[in-house]
file protein_32.txt (compact mmCIF, C-alpha atoms)
# COMPACT_ATOMS: atom_id res chain seq x y z
CA GLU E 7 -2.98 12.48 -8.00
CA THR E 8 -4.54 11.51 -4.68
CA GLY E 9 -4.13 14.78 -2.82
CA VAL E 10 -1.76 13.14 -0.35
CA THR E 11 1.58 14.91 -0.24
CA GLN E 12 4.82 13.93 1.45
CA SER E 13 8.04 15.74 2.17
CA PRO E 14 10.86 15.54 1.55
CA THR E 15 11.00 13.38 -1.58
CA HIS E 16 14.53 12.15 -0.88
CA LEU E 17 16.69 12.14 2.21
CA ILE E 18 20.18 10.90 3.00
CA LYS E 19 21.18 10.32 6.61
CA THR E 20 23.94 8.51 8.45
CA ARG E 21 23.61 5.74 11.00
CA GLY E 22 22.55 6.94 14.44
CA GLN E 23 20.88 10.10 13.19
CA GLN E 24 17.23 10.97 13.57
CA VAL E 25 14.78 11.79 10.78
CA THR E 26 11.30 13.32 10.51
CA LEU E 27 9.08 12.67 7.53
CA ARG E 28 5.90 14.63 6.87
CA CYS E 29 2.56 13.85 5.28
CA SER E 30 -0.47 15.94 4.42
CA SER E 31 -3.61 13.89 4.07
CA GLN E 32 -6.27 14.25 1.43
CA SER E 33 -8.86 16.86 2.30
CA GLY E 34 -11.53 15.42 4.61
CA HIS E 35 -9.53 12.32 5.55
CA ASN E 36 -9.08 11.83 9.30
CA THR E 37 -6.96 8.66 9.27
CA VAL E 38 -3.30 8.45 8.29
CA SER E 39 -1.27 5.27 7.95
CA TRP E 40 2.47 4.89 7.44
CA TYR E 41 4.18 2.09 5.57
CA GLN E 42 7.77 1.09 4.87
CA GLN E 43 8.53 -0.35 1.44
CA ALA E 44 11.92 -1.99 1.08
CA LEU E 45 13.29 -2.58 -2.40
CA GLY E 46 11.44 -5.42 -4.14
CA GLN E 47 8.93 -5.83 -1.34
CA GLY E 48 5.36 -4.87 -0.62
CA PRO E 49 4.69 -2.05 1.82
CA GLN E 50 4.80 -3.02 5.51
CA PHE E 51 2.44 -1.35 7.99
CA ILE E 52 4.20 0.81 10.58
CA PHE E 53 1.30 2.47 12.39
CA GLN E 54 -1.96 4.33 11.92
CA TYR E 55 -3.35 7.52 13.44
CA TYR E 56 -7.02 8.34 13.78
CA ARG E 57 -8.05 11.73 15.14
CA GLU E 58 -4.59 12.33 16.63
CA GLU E 59 -4.43 8.99 18.47
CA GLU E 60 -2.34 5.96 17.51
CA ASN E 61 -4.78 3.35 16.24
CA GLY E 62 -2.68 0.28 15.67
CA ARG E 63 0.97 -0.52 15.17
CA GLY E 64 2.89 -3.01 13.09
CA ASN E 65 6.00 -4.94 13.99
CA PHE E 66 8.35 -1.96 14.24
CA PRO E 67 10.51 -0.97 17.24
CA PRO E 68 9.69 2.03 19.46
CA ARG E 69 12.30 4.18 17.75
CA PHE E 70 9.65 4.54 15.04
CA SER E 71 7.16 7.06 16.39
CA GLY E 72 4.55 9.35 14.97
CA LEU E 73 2.19 12.22 15.46
CA GLN E 74 -1.03 13.39 13.93
CA PHE E 75 -2.03 17.04 14.12
CA PRO E 76 -5.48 18.63 14.41
CA ASN E 77 -5.51 19.25 10.65
CA TYR E 78 -4.87 15.48 10.23
CA SER E 79 -1.40 15.92 8.79
CA SER E 80 1.15 13.57 10.26
CA GLU E 81 4.82 13.01 11.01
CA LEU E 82 6.89 9.87 11.15
CA ASN E 83 10.00 10.06 13.33
CA VAL E 84 12.77 7.51 13.30
CA ASN E 85 15.52 7.69 15.92
CA ALA E 86 18.91 5.99 15.93
CA LEU E 87 18.80 5.23 12.23
CA GLU E 88 20.11 1.87 11.06
CA LEU E 89 21.23 0.82 7.58
CA ASP E 90 18.15 -1.41 7.25
CA ASP E 91 15.91 1.64 7.63
CA SER E 92 16.79 2.57 4.05
CA ALA E 93 13.48 2.30 2.22
CA LEU E 94 10.59 4.17 0.65
CA TYR E 95 8.26 5.49 3.35
CA LEU E 96 4.67 5.80 2.27
CA CYS E 97 1.85 7.71 3.84
CA ALA E 98 -1.78 6.92 3.11
CA SER E 99 -4.93 8.72 4.15
CA SER E 100 -8.44 7.37 4.42
CA PHE E 101 -11.89 8.27 5.67
CA ARG E 102 -15.09 6.33 6.06
CA ASP E 103 -14.75 3.08 4.14
CA GLY E 104 -11.07 2.49 4.88
CA THR E 105 -9.88 2.83 1.28
CA GLN E 106 -6.35 4.18 1.56
CA TYR E 107 -4.90 6.69 -0.87
CA PHE E 108 -1.15 6.91 -1.03
CA GLY E 109 1.28 9.75 -1.39
CA PRO E 110 4.41 9.64 -3.54
CA GLY E 111 6.63 8.54 -0.68
CA THR E 112 9.93 9.67 0.82
CA ARG E 113 13.03 7.76 -0.24
CA LEU E 114 15.32 7.47 2.80
CA THR E 115 18.91 6.34 2.38
CA VAL E 116 20.95 5.58 5.49
CA LEU E 117 24.72 5.47 5.02
CA ALA C 10 -2.28 -12.77 11.55
CA GLN C 11 -3.46 -12.25 8.03
CA SER C 12 -1.11 -12.69 5.08
CA VAL C 13 -1.29 -12.19 1.33
CA SER C 14 0.46 -14.33 -1.28
CA GLN C 15 1.20 -13.33 -4.83
CA HIS C 16 2.75 -16.32 -6.50
CA ASN C 17 3.77 -14.64 -9.75
CA HIS C 18 6.84 -12.51 -9.06
CA HIS C 19 7.51 -11.43 -12.62
CA VAL C 20 5.19 -11.84 -15.58
CA ILE C 21 6.16 -11.01 -19.15
CA LEU C 22 3.45 -10.73 -21.80
CA SER C 23 3.09 -9.42 -25.32
CA GLU C 24 0.65 -6.64 -26.06
CA ALA C 25 -2.94 -7.84 -26.53
CA ALA C 26 -2.36 -10.96 -24.43
CA SER C 27 -4.76 -11.73 -21.61
CA LEU C 28 -3.61 -11.25 -18.04
CA GLU C 29 -4.38 -13.00 -14.79
CA LEU C 30 -2.40 -12.29 -11.63
CA GLY C 31 -2.97 -14.51 -8.65
CA CYS C 32 -3.66 -13.34 -5.10
CA ASN C 33 -4.49 -15.49 -2.10
CA TYR C 34 -5.02 -14.35 1.44
CA SER C 35 -5.14 -16.15 4.73
CA TYR C 36 -7.80 -14.93 7.11
CA GLY C 37 -11.08 -16.59 7.95
CA GLY C 38 -13.10 -13.51 8.81
CA THR C 39 -14.50 -10.57 6.90
CA VAL C 40 -12.01 -8.96 4.55
CA ASN C 41 -11.85 -5.97 2.27
CA LEU C 42 -9.65 -6.62 -0.76
CA PHE C 43 -7.67 -4.26 -2.96
CA TRP C 44 -5.41 -4.18 -5.95
CA TYR C 45 -2.94 -1.33 -6.22
CA VAL C 46 -0.62 -0.53 -9.11
CA GLN C 47 2.73 1.24 -9.03
CA TYR C 48 3.83 2.54 -12.42
CA PRO C 49 7.56 3.25 -12.82
CA GLY C 50 8.42 6.40 -10.91
CA GLN C 51 4.88 6.93 -9.67
CA HIS C 52 3.05 6.39 -6.43
CA LEU C 53 0.74 3.53 -5.51
CA GLN C 54 -2.64 3.93 -7.16
CA LEU C 55 -5.86 2.11 -6.41
CA LEU C 56 -6.97 -0.14 -9.27
CA LEU C 57 -10.05 -1.65 -7.70
CA LYS C 58 -11.52 -2.84 -4.42
CA TYR C 59 -13.99 -5.36 -3.06
CA PHE C 60 -15.99 -4.82 0.11
CA SER C 61 -19.17 -6.82 -0.40
CA GLY C 62 -21.82 -7.69 -2.98
CA ASP C 63 -21.02 -8.81 -6.53
CA PRO C 64 -17.76 -10.78 -6.29
CA LEU C 65 -16.72 -9.59 -9.76
CA VAL C 66 -15.49 -6.03 -9.44
CA LYS C 67 -14.41 -3.72 -12.19
CA GLY C 68 -11.71 -1.14 -11.80
CA ILE C 69 -9.93 1.48 -13.81
CA LYS C 70 -8.14 0.93 -17.13
CA GLY C 71 -10.13 -2.21 -18.00
CA PHE C 72 -9.01 -4.28 -15.01
CA GLU C 73 -11.34 -6.55 -13.08
CA ALA C 74 -10.97 -8.97 -10.18
CA GLU C 75 -13.01 -11.86 -8.85
CA PHE C 76 -13.40 -12.63 -5.17
CA ILE C 77 -13.76 -16.36 -4.56
CA LYS C 78 -14.35 -16.79 -0.85
CA SER C 79 -14.01 -20.58 -0.86
CA LYS C 80 -10.55 -20.28 -2.39
CA PHE C 81 -9.47 -17.20 -0.40
CA SER C 82 -8.55 -15.68 -3.74
CA PHE C 83 -8.86 -12.29 -5.42
CA ASN C 84 -7.25 -12.64 -8.84
CA LEU C 85 -6.74 -9.68 -11.12
CA ARG C 86 -7.60 -9.95 -14.81
CA LYS C 87 -7.47 -7.94 -17.99
CA PRO C 88 -8.54 -9.34 -21.35
CA SER C 89 -6.00 -7.47 -23.46
CA VAL C 90 -2.94 -5.77 -22.00
CA GLN C 91 -1.18 -2.71 -23.34
CA TRP C 92 2.43 -1.62 -23.12
CA SER C 93 1.32 1.09 -20.67
CA ASP C 94 0.26 -1.64 -18.20
CA THR C 95 3.93 -2.29 -17.41
CA ALA C 96 4.07 -1.78 -13.65
CA GLU C 97 4.23 -3.45 -10.26
CA TYR C 98 0.90 -4.82 -9.01
CA PHE C 99 0.10 -5.32 -5.33
CA CYS C 100 -2.76 -7.22 -3.79
CA ALA C 101 -3.76 -6.10 -0.29
CA VAL C 102 -6.28 -6.99 2.38
CA ILE C 103 -7.80 -5.15 5.29
CA THR C 104 -9.31 -7.01 8.19
CA THR C 105 -11.26 -4.56 10.29
CA ASN C 106 -11.76 -6.87 13.24
CA PHE C 107 -8.68 -5.61 15.04
CA GLY C 108 -9.85 -2.04 15.48
CA ASN C 109 -7.68 -0.51 12.84
CA GLU C 110 -7.57 -0.55 9.09
CA LYS C 111 -4.16 -2.03 8.53
CA LEU C 112 -3.44 -2.94 4.92
CA THR C 113 -1.49 -6.16 4.53
CA PHE C 114 0.23 -6.32 1.15
CA GLY C 115 1.57 -9.14 -0.94
CA THR C 116 5.13 -8.95 -2.23
CA GLY C 117 3.95 -7.70 -5.60
CA THR C 118 4.03 -8.92 -9.20
CA ARG C 119 6.16 -7.11 -11.72
CA LEU C 120 4.39 -7.04 -15.08
CA THR C 121 6.39 -6.35 -18.22
CA ILE C 122 4.53 -5.87 -21.50
CA ILE C 123 6.51 -6.32 -24.68
CA PRO C 124 5.32 -4.15 -27.58

call {"tool": "encode", "arguments": {"input": "protein_32.txt", "output": "structure tokens"}}
result
Amino acid sequence: ETGVTQSPTHLIKTRGQQVTLRCSSQSGHNTVSWYQQALGQGPQFIFQYYREEENGRGNFPPRFSGLQFPNYSSELNVNALELDDSALYLCASSFRDGTQYFGPGTRLTVL
Amino acid sequence: AQSVSQHNHHVILSEAASLELGCNYSYGGTVNLFWYVQYPGQHLQLLLKYFSGDPLVKGIKGFEAEFIKSKFSFNLRKPSVQWSDTAEYFCAVITTNFGNEKLTFGTGTRLTIIP
């Protein structure tokens, strides 16, 4: 167990809907990163938050957005869901040396 | 942009066999290298990491990896595998020169150990 928690564990949505995924970072970690892992692929970087500011973004459209709160927990929001958004969404927290510790993920299915 | 290649997509071994999983990255600057493992139904776990110093790093569960800068490689090894090593293995790299600590992952190697 890494101390990183995510909710919900599973989610089913339909195309066009919006979804919010949540992540609580490991105690003392001030950086949260989000990744998308499609079936049979490695995780792909979505974005990173450091002290409540976005600190880098991967190749994802603006309908993927996020927040980090003062307690360093974080949300990932996806608007106008598409079928290809079906994936495992991973949250990772880190502190000084950049080593990232992952949560269990949220499995999103878009129908 | 940096990239990571894992050439072995699926490896099948018998228990007690030796293991080597290949990982190559493309980036000419300073890198931090990682191996993560994803056991069936579990989350990604850190196996080992290399930041600097001794290029041979030891991780959990008897795994080790060697950083060879001239070959841009960071191969994972274990002298004798067990059935419980069945999992998906991901190599990843961080390049900190871009102001954030983005992990770039390879596509993973599925390891199946036959009892």

call {"tool": "residues_around", "arguments": {"input": "protein_32.txt", "residues": "Ser30 (chain E)", "least_positions_apart": "2", "cutoff": "7 Å", "atoms": "all atoms listed in the file", "output": "number ranges by chain"}}
result
E: 10-12, 28, 32, 79-80

call {"tool": "atom_distance", "arguments": {"input": "protein_32.txt", "atom1": "CA of Leu114 (chain E)", "atom2": "CA of Leu27 (chain E)"}}
result
9.4 Å

call {"tool": "atom_distance", "arguments": {"input": "protein_32.txt", "atom1": "CA of Gln47 (chain C)", "atom2": "CA of Glu60 (chain E)"}}
result
27.4 Å

call {"tool": "residues_around", "arguments": {"input": "protein_32.txt", "residues": "region 35-52 of chain E", "least_positions_apart": "3", "cutoff": "6 Å", "atoms": "all atoms listed in the file", "output": "list of chain:residue names"}}
result
E:Gln32, E:Tyr55, E:Tyr56, E:Arg57, E:Arg63, E:Gly64, E:Tyr78, E:Ala93, E:Leu94, E:Tyr95, E:Leu96, E:Cys97, E:Ala98, E:Ser99, E:Ser100, E:Phe101, C:Phe114, C:Gly115, C:Thr116, C:Gly117

call {"tool": "residues_near_point", "arguments": {"input": "protein_32.txt", "point": "(23.5, 13.4, 13.2)", "cutoff": "12 Å", "atoms": "all atoms listed in the file", "output": "ChimeraX atom specification"}}
result
/E:18-25,85-87,116-117

call {"tool": "closest_atom_pairs", "arguments": {"input": "protein_32.txt", "of": "chain C", "to": "chain E", "cutoff": "8 Å", "atoms": "only C-alpha atoms", "output": "tab-separated table"}}
result
residue	atom	partner	partner_atom	distance
C:Gln51	CA	E:Pro110	CA	6.7
C:His52	CA	E:Pro110	CA	4.6
C:Leu53	CA	E:Phe108	CA	5.9
C:Gln54	CA	E:Phe108	CA	7.0
C:Leu55	CA	E:Tyr107	CA	7.3
C:Phe99	CA	E:Gly48	CA	7.1
C:Gly108	CA	E:Asn61	CA	7.4
C:Asn109	CA	E:Gly62	CA	5.8
C:Glu110	CA	E:Gly104	CA	6.3
C:Lys111	CA	E:Phe51	CA	6.7
C:Leu112	CA	E:Phe51	CA	6.8
C:Thr113	CA	E:Gln50	CA	7.1
C:Phe114	CA	E:Gly48	CA	5.6
C:Gly115	CA	E:Gly48	CA	5.7
C:Thr116	CA	E:Gly48	CA	4.4
C:Gly117	CA	E:Gly48	CA	5.9

call {"tool": "atom_distance", "arguments": {"input": "protein_32.txt", "atom1": "CA of Gly50 (chain C)", "atom2": "CA of Glu97 (chain C)"}}
result
10.7 Å

call {"tool": "residues_around", "arguments": {"input": "protein_32.txt", "residues": "Ser27 (chain C)", "least_positions_apart": "5", "cutoff": "10 Å", "atoms": "only C-alpha atoms", "output": "PyMOL selection string"}}
result
chain C and resi 22+86-91

call {"tool": "closest_residue", "arguments": {"input": "protein_32.txt", "among": "C:Val46, C:Ala25, C:Leu85, C:Leu120", "to": "Val66 (chain C)", "atoms": "only C-alpha atoms"}}
result
C:Leu85

call {"tool": "residues_near_point", "arguments": {"input": "protein_32.txt", "point": "(6.6, 10.3, 11.9)", "cutoff": "7 Å", "atoms": "only C-alpha atoms", "output": "PDB file with C-alpha atoms, keeping the file's coordinate frame"}}
result
ATOM      1  CA  THR E  26      11.300  13.320  10.510  1.00  0.00           C
ATOM      2  CA  LEU E  27       9.080  12.670   7.530  1.00  0.00           C
ATOM      3  CA  ARG E  28       5.900  14.630   6.870  1.00  0.00           C
ATOM      4  CA  SER E  71       7.160   7.060  16.390  1.00  0.00           C
ATOM      5  CA  GLY E  72       4.550   9.350  14.970  1.00  0.00           C
ATOM      6  CA  LEU E  73       2.190  12.220  15.460  1.00  0.00           C
ATOM      7  CA  SER E  80       1.150  13.570  10.260  1.00  0.00           C
ATOM      8  CA  GLU E  81       4.820  13.010  11.010  1.00  0.00           C
ATOM      9  CA  LEU E  82       6.890   9.870  11.150  1.00  0.00           C
ATOM     10  CA  ASN E  83      10.000  10.060  13.330  1.00  0.00           C
ATOM     11  CA  VAL E  84      12.770   7.510  13.300  1.00  0.00           C
TER      12      VAL E  84
END

call {"tool": "residues_around", "arguments": {"input": "protein_32.txt", "residues": "Ile77 (chain C)", "least_positions_apart": "2", "cutoff": "12 Å", "atoms": "all atoms listed in the file", "output": "VMD selection string"}}
result
chain C and resid 31 to 34 40 42 59 61 to 66 74 to 75 79 to 85

call {"tool": "closest_residue", "arguments": {"input": "protein_32.txt", "among": "C:Tyr48, C:Phe60, C:Phe43, C:Tyr36", "to": "Val102 (chain C)", "atoms": "only C-alpha atoms"}}
result
C:Phe43
